[in-house]
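Q: File follows, run11.txt with compact mmCIF, C-alpha atoms:
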```txt
# COMPACT_ATOMS: atom_id res chain seq x y z
CA MET A 1 -5.66 -28.00 120.03
CA ARG A 2 -3.27 -30.05 117.93
CA THR A 3 -0.07 -28.51 116.75
CA PRO A 4 0.55 -28.41 112.95
CA SER A 5 3.09 -31.23 113.24
CA ARG A 6 0.61 -33.49 115.04
CA TRP A 7 -2.04 -32.68 112.45
CA ILE A 8 0.33 -33.61 109.61
CA ARG A 9 1.24 -36.88 111.34
CA ALA A 10 -2.44 -37.68 111.75
CA VAL A 11 -3.10 -37.11 108.06
CA PHE A 12 -0.25 -39.44 107.07
CA ALA A 13 -1.46 -42.07 109.54
CA CYS A 14 -4.95 -42.00 108.03
CA ALA A 15 -3.52 -42.24 104.53
CA ALA A 16 -1.44 -45.26 105.50
CA LEU A 17 -4.46 -46.94 107.07
CA LEU A 18 -6.56 -46.40 103.96
CA ALA A 19 -3.80 -47.79 101.76
CA LEU A 20 -3.55 -50.95 103.84
CA ASN A 21 -7.30 -51.54 104.08
CA PRO A 22 -8.41 -53.84 101.23
CA ALA A 23 -12.01 -52.72 101.67
CA VAL A 24 -11.20 -49.17 100.56
CA PRO A 25 -11.74 -48.78 96.78
CA GLN A 26 -8.78 -47.71 94.68
CA VAL A 27 -9.81 -44.42 93.07
CA ASN A 28 -6.47 -43.61 91.43
CA ALA A 29 -6.25 -46.63 89.13
CA ALA A 30 -4.55 -45.81 85.81
CA GLU A 31 -6.85 -45.22 82.86
CA PRO A 32 -6.73 -47.88 80.15
CA LEU A 33 -4.64 -46.96 77.14
CA ALA A 34 -6.54 -46.11 73.97
CA LYS A 35 -4.26 -48.40 71.95
CA ASP A 36 -5.34 -51.39 74.05
CA LEU A 37 -9.02 -50.54 73.70
CA PHE A 38 -8.91 -50.03 69.93
CA GLY A 39 -6.42 -52.84 69.37
CA SER A 40 -8.82 -55.32 70.96
CA LYS A 41 -11.63 -54.67 68.46
CA PRO A 42 -11.61 -57.35 65.70
CA LEU A 43 -14.34 -55.71 63.57
CA PRO A 44 -15.32 -52.14 62.65
CA ALA A 45 -18.11 -50.00 64.07
CA ALA A 46 -21.34 -50.68 62.15
CA MET A 47 -22.13 -47.01 61.64
CA PRO A 48 -22.08 -44.50 58.79
CA ALA A 49 -18.55 -44.06 57.47
CA LYS A 50 -16.86 -41.07 59.12
CA SER A 51 -13.36 -40.12 60.21
CA TYR A 52 -12.90 -38.26 63.50
CA GLY A 53 -9.86 -36.27 64.54
CA PHE A 54 -6.41 -36.02 63.01
CA TYR A 55 -4.33 -38.68 61.27
CA SER A 56 -2.26 -39.20 64.43
CA LYS A 57 -5.05 -38.70 66.98
CA GLY A 58 -8.45 -40.02 66.05
CA CYS A 59 -10.61 -42.95 64.95
CA PHE A 60 -13.19 -43.83 62.29
CA ALA A 61 -16.53 -45.56 61.91
CA GLY A 62 -18.01 -47.63 59.10
CA GLY A 63 -14.70 -49.19 58.12
CA ILE A 64 -14.37 -51.83 55.42
CA ALA A 65 -11.50 -54.21 54.68
CA MET A 66 -9.40 -55.15 51.70
CA ALA A 67 -9.65 -58.88 51.12
CA VAL A 68 -6.57 -60.98 51.81
CA ASP A 69 -6.39 -61.52 48.03
CA GLY A 70 -7.81 -59.31 45.32
CA PRO A 71 -7.49 -59.35 41.54
CA HIS A 72 -4.39 -57.14 41.69
CA TRP A 73 -3.31 -57.14 45.33
CA GLN A 74 -2.19 -59.28 48.24
CA ALA A 75 -2.45 -58.17 51.86
CA MET A 76 0.59 -58.72 54.05
CA ARG A 77 1.18 -59.20 57.79
CA LEU A 78 -2.32 -60.59 58.26
CA SER A 79 -1.86 -61.24 61.98
CA ARG A 80 -1.93 -57.49 62.62
CA ASN A 81 -5.54 -57.13 61.38
CA ARG A 82 -4.76 -53.78 59.75
CA ARG A 83 -6.56 -54.19 56.41
CA TRP A 84 -9.29 -51.71 57.35
CA GLY A 85 -10.03 -48.20 56.15
CA HIS A 86 -12.63 -45.60 55.36
CA PRO A 87 -14.55 -46.68 52.22
CA GLN A 88 -13.08 -43.76 50.27
CA LEU A 89 -9.54 -44.99 50.94
CA ILE A 90 -10.42 -48.60 50.12
CA LYS A 91 -11.98 -47.42 46.86
CA THR A 92 -8.77 -45.54 46.05
CA LEU A 93 -6.61 -48.60 46.74
CA GLU A 94 -8.86 -50.81 44.65
CA LYS A 95 -8.63 -48.31 41.78
CA LEU A 96 -4.85 -47.99 42.12
CA SER A 97 -4.43 -51.76 41.99
CA ASP A 98 -6.47 -51.95 38.77
CA ASP A 99 -4.85 -48.93 37.11
CA GLY A 100 -1.36 -50.00 38.08
CA ALA A 101 -1.83 -53.40 36.52
CA SER A 102 -3.53 -52.22 33.34
CA LYS A 103 -1.71 -48.94 32.67
CA ASP A 104 1.61 -48.82 34.50
CA GLY A 105 3.10 -52.30 34.22
CA TRP A 106 2.76 -52.87 37.96
CA ASN A 107 1.96 -56.51 38.62
CA GLY A 108 -0.10 -55.81 41.74
CA LEU A 109 -0.02 -54.11 45.12
CA MET A 110 1.48 -55.70 48.19
CA LEU A 111 -0.51 -53.98 50.91
CA GLY A 112 1.08 -53.28 54.25
CA ASP A 113 -0.68 -51.55 57.14
CA ILE A 114 -3.85 -49.58 56.51
CA SER A 115 -5.69 -49.19 59.84
CA GLN A 116 -7.17 -51.18 62.68
CA PRO A 117 -10.91 -51.95 62.31
CA ARG A 118 -11.93 -48.81 64.19
CA GLY A 119 -8.68 -46.91 63.80
CA GLY A 120 -7.29 -45.28 66.91
CA PRO A 121 -3.70 -45.58 68.13
CA MET A 122 -2.07 -48.87 67.17
CA LEU A 123 -0.61 -51.37 69.58
CA THR A 124 2.76 -51.05 67.82
CA GLY A 125 4.28 -49.06 65.00
CA HIS A 126 2.72 -46.02 63.43
CA ALA A 127 1.82 -42.69 64.96
CA SER A 128 -0.66 -42.06 62.16
CA HIS A 129 -3.03 -44.52 60.38
CA GLN A 130 -5.67 -43.69 63.03
CA VAL A 131 -8.55 -42.28 60.98
CA GLY A 132 -8.72 -44.84 58.15
CA LEU A 133 -7.16 -42.55 55.53
CA ASP A 134 -3.55 -43.87 55.40
CA ALA A 135 -2.15 -46.95 53.66
CA ASP A 136 1.32 -48.44 53.17
CA ILE A 137 2.14 -50.06 49.83
CA TRP A 138 5.36 -51.97 49.35
CA PHE A 139 7.77 -51.00 46.59
CA THR A 140 8.21 -54.72 45.91
CA PRO A 141 5.76 -55.66 43.13
CA MET A 142 3.36 -58.49 43.86
CA PRO A 143 4.75 -61.91 42.94
CA LYS A 144 2.95 -63.92 40.27
CA ARG A 145 1.84 -66.51 42.80
CA ARG A 146 -0.27 -66.19 45.93
CA LEU A 147 1.80 -66.23 49.12
CA SER A 148 0.87 -68.51 51.99
CA GLY A 149 -0.14 -67.18 55.38
CA PRO A 150 3.28 -67.84 56.96
CA GLU A 151 5.03 -66.25 53.96
CA ARG A 152 2.99 -63.09 54.41
CA GLU A 153 4.33 -62.80 57.94
CA SER A 154 7.98 -63.42 57.07
CA PHE A 155 8.38 -62.03 53.53
CA GLU A 156 10.90 -59.17 53.62
CA PRO A 157 10.36 -56.33 51.14
CA LYS A 158 13.43 -54.82 49.52
CA SER A 159 14.67 -51.37 50.39
CA MET A 160 15.09 -49.06 47.41
CA ILE A 161 18.02 -47.31 49.14
CA LYS A 162 21.68 -48.29 48.92
CA ASP A 163 23.07 -49.86 52.10
CA GLY A 164 24.57 -47.21 54.33
CA GLY A 165 23.53 -44.40 52.00
CA LEU A 166 20.69 -42.03 51.22
CA THR A 167 20.31 -42.54 47.49
CA VAL A 168 18.31 -45.00 45.39
CA ASP A 169 19.80 -48.34 44.40
CA ASP A 170 19.52 -48.16 40.61
CA ARG A 171 19.72 -51.94 40.36
CA LEU A 172 16.25 -52.10 41.93
CA TRP A 173 14.54 -48.91 40.80
CA THR A 174 12.51 -49.07 37.59
CA SER A 175 10.29 -46.80 35.55
CA ALA A 176 7.31 -48.72 36.92
CA HIS A 177 8.14 -47.50 40.43
CA ALA A 178 7.90 -43.90 39.27
CA ALA A 179 4.75 -44.70 37.29
CA ILE A 180 2.84 -46.16 40.25
CA LEU A 181 3.75 -43.14 42.38
CA LYS A 182 2.61 -40.77 39.65
CA ARG A 183 -0.61 -42.74 39.26
CA ALA A 184 -1.41 -42.48 42.98
CA ALA A 185 -0.49 -38.79 43.11
CA GLY A 186 -2.79 -38.13 40.17
CA TYR A 187 -5.91 -39.07 42.12
CA PRO A 188 -7.54 -35.87 43.44
CA GLU A 189 -8.39 -37.43 46.80
CA VAL A 190 -4.72 -38.26 47.49
CA GLU A 191 -3.06 -35.40 49.39
CA ARG A 192 0.27 -36.91 50.42
CA ILE A 193 2.60 -39.71 49.42
CA PHE A 194 5.45 -40.22 51.89
CA VAL A 195 8.71 -41.74 50.61
CA HIS A 196 12.33 -41.92 51.71
CA PRO A 197 14.22 -38.68 50.93
CA GLY A 198 16.44 -40.60 48.49
CA ILE A 199 13.38 -41.65 46.49
CA LYS A 200 12.09 -38.09 46.40
CA LYS A 201 15.50 -36.97 45.11
CA LYS A 202 15.46 -39.69 42.46
CA LEU A 203 12.13 -38.39 41.20
CA CYS A 204 13.33 -34.79 41.29
CA ASP A 205 16.39 -35.74 39.23
CA THR A 206 14.63 -37.86 36.63
CA VAL A 207 11.00 -36.79 36.10
CA THR A 208 10.51 -34.73 32.95
CA GLY A 209 7.48 -33.03 31.46
CA ASP A 210 4.64 -32.54 33.92
CA ARG A 211 6.17 -32.33 37.41
CA SER A 212 3.14 -30.96 39.24
CA TRP A 213 2.37 -34.33 40.84
CA LEU A 214 5.72 -34.23 42.66
CA ASN A 215 4.17 -31.68 45.03
CA LYS A 216 2.28 -34.49 46.75
CA VAL A 217 5.35 -36.71 47.15
CA ARG A 218 7.02 -35.77 50.45
CA PRO A 219 10.21 -37.06 52.10
CA PHE A 220 10.01 -38.68 55.53
CA TRP A 221 12.06 -40.98 57.73
CA GLY A 222 11.74 -44.65 56.87
CA HIS A 223 9.64 -45.32 53.78
CA ASP A 224 12.57 -46.90 51.95
CA TYR A 225 10.70 -50.16 51.24
CA HIS A 226 7.16 -48.79 50.98
CA PHE A 227 5.27 -45.65 50.09
CA HIS A 228 2.57 -44.20 52.28
CA VAL A 229 -0.61 -42.96 50.57
CA ARG A 230 -2.78 -40.49 52.47
CA ILE A 231 -6.12 -39.16 51.28
CA GLY A 232 -7.86 -36.02 52.51
CA CYS A 233 -10.82 -35.83 54.85
CA PRO A 234 -13.82 -37.43 53.08
CA ALA A 235 -17.05 -35.58 52.45
CA GLY A 236 -19.37 -35.88 55.43
CA SER A 237 -16.57 -36.33 57.97
CA VAL A 238 -17.08 -32.96 59.64
CA GLY A 239 -15.06 -34.08 62.66
CA CYS A 240 -11.99 -34.86 60.54
CA LYS A 241 -9.10 -32.41 60.93
CA ALA A 242 -7.37 -31.58 57.65
CA GLN A 243 -3.59 -31.39 57.32
CA GLU A 244 -1.70 -28.31 56.22
CA SER A 245 -1.37 -27.57 52.51
CA THR A 246 1.84 -28.46 50.73
CA GLY A 247 1.66 -25.15 48.91
CA THR A 248 2.94 -24.92 45.34
CA GLY A 249 6.07 -26.19 43.65
CA ASP A 250 7.54 -29.64 43.17
CA GLY A 251 9.30 -29.88 46.54
CA CYS A 252 12.72 -30.26 44.91
CA ASP A 253 14.13 -27.31 46.83
CA LYS A 254 15.88 -26.39 50.09
CA SER A 255 13.35 -28.43 52.04
CA LEU A 256 14.64 -31.56 50.24
CA ALA A 257 18.29 -30.53 50.56
CA TRP A 258 17.89 -30.48 54.36
CA TRP A 259 17.40 -34.25 54.33
CA PHE A 260 20.92 -34.66 52.94
CA THR A 261 22.57 -32.83 55.83
CA GLU A 262 23.62 -34.34 59.15
CA GLU A 263 20.78 -32.81 61.17
CA PRO A 264 17.85 -35.15 60.28
CA TRP A 265 19.93 -38.22 61.06
CA ARG A 266 21.66 -37.06 64.25
CA LYS A 267 21.00 -39.42 67.14
CA ALA A 268 18.94 -38.05 69.99
CA THR A 269 20.65 -37.49 73.32
CA GLY A 270 19.25 -37.93 76.80
CA PRO A 271 16.14 -39.87 77.82
CA GLN A 272 13.56 -40.21 75.10
CA ALA A 273 10.00 -39.11 75.70
CA PRO A 274 7.43 -41.91 75.46
CA ARG A 275 5.61 -42.25 72.17
CA ALA A 276 2.22 -40.56 72.18
CA ARG A 277 0.70 -43.88 71.10
CA ASP A 278 1.95 -45.50 74.31
CA VAL A 279 0.45 -42.97 76.73
CA MET A 280 -2.70 -41.86 74.91
CA THR A 281 -6.00 -42.43 76.73
CA MET A 282 -9.54 -41.81 75.53
CA LYS A 283 -9.41 -38.30 76.96
CA ALA A 284 -6.89 -37.37 74.27
CA LEU A 285 -9.14 -38.50 71.41
CA PRO A 286 -12.20 -36.79 69.94
CA LYS A 287 -15.32 -37.43 72.02
CA GLU A 288 -16.90 -39.35 69.13
CA CYS A 289 -14.23 -42.05 69.47
CA ARG A 290 -15.90 -43.45 72.58
CA MET A 291 -19.09 -43.85 70.58
CA VAL A 292 -17.10 -45.58 67.82
CA LEU A 293 -15.43 -47.86 70.36
CA GLU A 294 -18.74 -48.92 71.92
CA ALA A 295 -20.73 -49.31 68.68
CA PRO A 296 -21.93 -52.76 67.55
CA SER A 297 -19.99 -54.75 64.97
CA PRO A 298 -21.26 -55.85 61.55
CA GLN A 299 -22.60 -59.38 61.16
CA SER A 300 -19.30 -60.74 59.90
CA GLU A 301 -15.93 -59.76 58.47
CA ALA A 302 -16.94 -61.10 55.06
CA SER A 303 -19.92 -58.73 54.93
CA VAL A 304 -17.62 -55.68 55.01
CA THR A 305 -14.70 -56.97 52.93
CA VAL A 306 -13.86 -55.77 49.42
CA GLY A 307 -12.55 -58.20 46.79
CA GLY A 308 -11.84 -61.87 47.02
CA GLY A 309 -15.11 -62.48 45.20
CA SER A 310 -17.45 -60.15 43.36
CA ASN A 311 -17.70 -57.56 46.13
CA ARG A 312 -16.82 -53.98 45.26
CA VAL A 313 -16.76 -51.04 47.65
CA ALA A 314 -20.40 -50.11 47.01
CA ASP A 315 -21.49 -53.63 47.95
CA VAL A 316 -20.05 -53.66 51.46
CA ILE A 317 -20.48 -50.18 52.94
CA PRO A 318 -22.14 -50.75 56.34
CA THR A 319 -25.81 -49.83 56.50
CA ALA A 320 -26.41 -50.63 60.18
CA SER A 321 -27.15 -47.84 62.68
CA PRO A 322 -28.16 -45.20 60.11
CA VAL A 323 -28.74 -42.71 62.93
CA GLU A 324 -25.82 -42.07 65.24
CA PRO A 325 -26.61 -42.41 68.95
CA GLU A 326 -26.54 -39.33 71.11
CA LEU A 327 -23.18 -38.72 72.77
CA PRO A 328 -23.16 -38.97 76.57
CA ASN A 329 -22.35 -35.74 78.37
CA ALA A 330 -19.58 -37.34 80.40
CA ILE A 331 -17.21 -37.71 77.45
CA PRO A 332 -14.26 -35.34 77.99
CA VAL A 333 -13.31 -32.60 75.58
CA PRO A 334 -10.30 -33.70 73.49
CA SER A 335 -6.91 -32.05 73.99
CA PRO A 336 -5.16 -30.17 71.15
CA ARG A 337 -3.98 -32.44 68.35
CA PRO A 338 -0.37 -32.47 67.22
CA SER A 339 0.69 -32.11 63.64
CA GLY A 340 2.85 -34.70 61.96
CA GLN A 341 2.79 -37.71 59.74
```
Could you show the structure in this file as structure tokens?
A:
Amino acid sequence: MRTPSRWIRAVFACAALLALNPAVPQVNAAEPLAKDLFGSKPLPAAMPAKSYGFYSKGCFAGGIAMAVDGPHWQAMRLSRNRRWGHPQLIKTLEKLSDDGASKDGWNGLMLGDISQPRGGPMLTGHASHQVGLDADIWFTPMPKRRLSGPERESFEPKSMIKDGGLTVDDRLWTSAHAAILKRAAGYPEVERIFVHPGIKKKLCDTVTGDRSWLNKVRPFWGHDYHFHVRIGCPAGSVGCKAQESTGTGDGCDKSLAWWFTEEPWRKATGPQAPRARDVMTMKALPKECRMVLEAPSPQSEASVTVGGGSNRVADVIPTASPVEPELPNAIPVPSPRPSGQ
């Protein structure tokens, strides 16, 4: 009978032999990252429009795109292919661009990131923007000419915040900036608008009359050169996880005062944990996201793009795959979703 020490040595010897044998399959290969899988999809899933999961952990089907150029918008950073969203969000952006131009003196929207064609975690940047319900809009009004492709990659928007400070640069801020924010907040489908704390304070200090819309405008890190519009879960998206309510009040209270203390800006110490985006696999996402990932694409990008011609949202909503395929049983149950922006 072998002694325990001999048995242990035998186990290690077998393990070493298996590791050196090229014929033995590697069963512990790392799972592909969800950001790589979703980031490789150039077109949306040709399925009924639905959002699955939470803003920072999910995906969406039936996406449509904002055209590179619309009547009152220009899309920026085209190489990222992030002009896609749920039809309800695209409809909201289209409406905001028209209303801003005709009612608020806003020349046009410069659109930053919306979502990848099928959502999911992005290759770089945002934690959110995963379910097709988030969009970044620059505070820089659209120029009166159409920018070239290279210009859209290099054009630098202006920060609304004073260098080295936390308050708005009054040389740049105008009544039109407040008007476009109020316009967006006035849409019932819009639940949040994220801005730099200094911009929130500017609104708190200057808005008179009806201040109820300020409830939707929330301070967050960054967002000094753009505002982030987020709509609620669309009707029919039963797998979409809603965010917490903002409650009542205008938000010009102790919660805003906290942003003007040292704590929010204190540098982190010790090793930083990896971003969730950089370690997330398909197991972390709702089970429907595998179906979204594997779904067929529409015939072309043009067939699901709004603007640039006569197309409106109703013209380009995907009609392929009217019945969703049955989910395979092997798809893992998703882990709990974090809260956050």
Q: Would you work out the distance separating atom CA of A:Asn81 from atom CA of A:Gln116, expressed in Å to one decimal?
A: 6.3 Å
Q: One decimal, Å: what's the distance from atom CA of A:Val229 over to atom CA of A:Leu33, could you say?
A: 27.2 Å
Q: Could you check the closest approach to A:Lys95 for each of A:Gly307, A:Gly63, A:Pro274, A:Pro197 and tell me which residue wins, using all atoms listed in the file?
A: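 For A:Lys95, the nearest of the given residues is A:Gly307.
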Q: Once 8 Å is added on each side, what are the centre and the three edge lengths, in Å to one decimal, of the axis-aligned box enclosing the listed atoms of stretch 157-175 of chain A? Present them as JSON.
A:
```
{"center_x": 17.4, "center_y": -49.2, "center_z": 44.9, "size_x": 30.3, "size_y": 30.3, "size_z": 34.8}
```
Q: Give me the residues within 12 Å of A:Ser297 as an NGL selection string, counting only C-alpha atoms and dropping any in the same chain fewer than 3 places off.
A: :A and (41-47 or 61-64 or 117-118 or 292-294 or 300-301 or 303-304 or 318-321)
Q: Quote the spacing between atom CA of A:Thr246 and atom CA of A:Arg218 in Å to one decimal place.
A: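 Rounded to one decimal, the two atoms are 9.0 Å apart.
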Q: Neighbouring residues of A:Gly58 were defined as those with any atom within 6 Å, considering all atoms listed in the file; residues of the same chain fewer than 4 positions away were excluded. Please report them as a list in words.
A: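 Once the nearby chain positions are removed, what remains is Tyr52, Gly53, Phe54, Gly120, Gln130, Val131 and Leu285 of chain A.
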Q: Using all atoms listed in the file, give me every residue within 12 Å of (12.7, -26.3, 47.9) in file coordinates, as a ChimeraX atom specification.
A: /A:200-201,204,214-215,218-219,246-259
Q: Near stretch 150-157 of chain A, counting all atoms listed in the file, which residues have an atom at most 9 Å away, once you skip same-chain residues fewer than 4 positions from it, shown as an mmCIF file with C-alpha atoms, in the frame of the given file?
A:
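Ended up saving to result.cif:
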```cif
data_model
loop_
_atom_site.group_PDB
_atom_site.id
_atom_site.type_symbol
_atom_site.label_atom_id
_atom_site.label_comp_id
_atom_site.auth_asym_id
_atom_site.auth_seq_id
_atom_site.Cartn_x
_atom_site.Cartn_y
_atom_site.Cartn_z
ATOM 1 C CA GLN A 74 -2.190 -59.280 48.240
ATOM 2 C CA ALA A 75 -2.450 -58.170 51.860
ATOM 3 C CA MET A 76 0.590 -58.720 54.050
ATOM 4 C CA ARG A 77 1.180 -59.200 57.790
ATOM 5 C CA LEU A 78 -2.320 -60.590 58.260
ATOM 6 C CA SER A 79 -1.860 -61.240 61.980
ATOM 7 C CA TRP A 138 5.360 -51.970 49.350
ATOM 8 C CA PHE A 139 7.770 -51.000 46.590
ATOM 9 C CA THR A 140 8.210 -54.720 45.910
ATOM 10 C CA TYR A 225 10.700 -50.160 51.240
ATOM 11 C CA HIS A 226 7.160 -48.790 50.980
#
```
Q: Please tell me which residues are no farther than 6 Å from (-9.9, -53.9, 56.9) in the file, counting all atoms listed in the file, and write them as a list in words.
A: Ile64, Ala65, Met66, Arg82, Arg83, Trp84, Gly85 and Pro117 of chain A
Q: Can you work out which one of A:Arg192, A:Asp224, A:Leu123, A:Asp113 has the shortest atom-to-atom distance to A:Met160, counting only C-alpha atoms?
A: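 Looking only at the distances to A:Met160, the closest residue turns out to be A:Asp224.
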Q: What's around A:Met282 at 8 Å? Count all atoms listed in the file, leave out sequence neighbours fewer than 4 positions away in its own chain, and write the answer as a list in words.
A: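 Contacts, with the query itself left out: Leu33, Ala34, Pro286, Cys289 and Arg290 of chain A.
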Q: Which is closer to A:Gly149 than all the others in A:Leu89, A:Ala30, A:Val68, A:Cys233, using only C-alpha atoms?
A: A:Val68
Q: Under the rule that all atoms listed in the file are counted, which of A:Phe260, A:Phe60, A:Tyr55, A:Phe194 is the nearest residue to A:Gly165?
A: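 With all atoms listed in the file as the atom set, the closest residue is A:Phe260.
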Q: Which residue, A:Arg146, A:Ser51, A:Gly198, A:Lys57, has the smallest gap to A:Gly132 when you use only C-alpha atoms?
A: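 Among the listed residues, the smallest separation from A:Gly132 belongs to A:Ser51.
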Q: Rank A:Phe38, A:Trp173, A:Phe227, A:Tyr187 by their smallest atom-to-atom distance to A:Leu111, using all atoms listed in the file, and report the top residue only.
A: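 Looking at the shortest contact to A:Leu111, the residue is A:Phe227.
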Q: Export N, CA and C atoms of stretch 170-186 of chain A from the structure just given, as a PDB file, in the first residue's frame?
A:
```pdb
ATOM      1  N   ASP A 170     -18.841  80.748 -16.726  1.00  0.00           N
ATOM      2  CA  ASP A 170     -19.935  81.580 -17.221  1.00  0.00           C
ATOM      3  C   ASP A 170     -19.659  82.196 -18.592  1.00  0.00           C
ATOM      4  N   ARG A 171     -18.428  82.105 -19.054  1.00  0.00           N
ATOM      5  CA  ARG A 171     -18.126  82.588 -20.399  1.00  0.00           C
ATOM      6  C   ARG A 171     -18.681  81.636 -21.457  1.00  0.00           C
ATOM      7  N   LEU A 172     -18.942  80.394 -21.054  1.00  0.00           N
ATOM      8  CA  LEU A 172     -19.412  79.379 -21.995  1.00  0.00           C
ATOM      9  C   LEU A 172     -20.883  79.026 -21.807  1.00  0.00           C
ATOM     10  N   TRP A 173     -21.358  79.133 -20.593  1.00  0.00           N
ATOM     11  CA  TRP A 173     -22.728  78.713 -20.288  1.00  0.00           C
ATOM     12  C   TRP A 173     -23.739  79.736 -20.794  1.00  0.00           C
ATOM     13  N   THR A 174     -24.807  79.254 -21.405  1.00  0.00           N
ATOM     14  CA  THR A 174     -25.846  80.144 -21.928  1.00  0.00           C
ATOM     15  C   THR A 174     -27.224  79.653 -21.484  1.00  0.00           C
ATOM     16  N   SER A 175     -28.221  80.477 -21.708  1.00  0.00           N
ATOM     17  CA  SER A 175     -29.587  80.082 -21.391  1.00  0.00           C
ATOM     18  C   SER A 175     -30.037  78.904 -22.247  1.00  0.00           C
ATOM     19  N   ALA A 176     -29.449  78.750 -23.421  1.00  0.00           N
ATOM     20  CA  ALA A 176     -29.808  77.633 -24.291  1.00  0.00           C
ATOM     21  C   ALA A 176     -29.359  76.301 -23.695  1.00  0.00           C
ATOM     22  N   HIS A 177     -28.250  76.305 -22.945  1.00  0.00           N
ATOM     23  CA  HIS A 177     -27.818  75.081 -22.285  1.00  0.00           C
ATOM     24  C   HIS A 177     -28.858  74.623 -21.272  1.00  0.00           C
ATOM     25  N   ALA A 178     -29.339  75.562 -20.473  1.00  0.00           N
ATOM     26  CA  ALA A 178     -30.382  75.213 -19.507  1.00  0.00           C
ATOM     27  C   ALA A 178     -31.668  74.790 -20.214  1.00  0.00           C
ATOM     28  N   ALA A 179     -31.969  75.431 -21.333  1.00  0.00           N
ATOM     29  CA  ALA A 179     -33.213  75.133 -22.048  1.00  0.00           C
ATOM     30  C   ALA A 179     -33.206  73.723 -22.628  1.00  0.00           C
ATOM     31  N   ILE A 180     -32.070  73.278 -23.187  1.00  0.00           N
ATOM     32  CA  ILE A 180     -32.039  71.944 -23.785  1.00  0.00           C
ATOM     33  C   ILE A 180     -32.121  70.876 -22.707  1.00  0.00           C
ATOM     34  N   LEU A 181     -31.540  71.143 -21.523  1.00  0.00           N
ATOM     35  CA  LEU A 181     -31.662  70.206 -20.410  1.00  0.00           C
ATOM     36  C   LEU A 181     -33.106  70.132 -19.919  1.00  0.00           C
ATOM     37  N   LYS A 182     -33.739  71.281 -19.803  1.00  0.00           N
ATOM     38  CA  LYS A 182     -35.137  71.303 -19.373  1.00  0.00           C
ATOM     39  C   LYS A 182     -36.015  70.591 -20.388  1.00  0.00           C
ATOM     40  N   ARG A 183     -35.749  70.783 -21.655  1.00  0.00           N
ATOM     41  CA  ARG A 183     -36.522  70.129 -22.704  1.00  0.00           C
ATOM     42  C   ARG A 183     -36.428  68.609 -22.564  1.00  0.00           C
ATOM     43  N   ALA A 184     -35.204  68.095 -22.421  1.00  0.00           N
ATOM     44  CA  ALA A 184     -35.017  66.646 -22.296  1.00  0.00           C
ATOM     45  C   ALA A 184     -35.678  66.109 -21.031  1.00  0.00           C
ATOM     46  N   ALA A 185     -35.526  66.841 -19.927  1.00  0.00           N
ATOM     47  CA  ALA A 185     -36.114  66.397 -18.662  1.00  0.00           C
ATOM     48  C   ALA A 185     -37.632  66.406 -18.711  1.00  0.00           C
ATOM     49  N   GLY A 186     -38.199  67.212 -19.584  1.00  0.00           N
ATOM     50  CA  GLY A 186     -39.650  67.304 -19.687  1.00  0.00           C
ATOM     51  C   GLY A 186     -40.304  66.134 -20.377  1.00  0.00           C
TER      52      GLY A 186
END
```
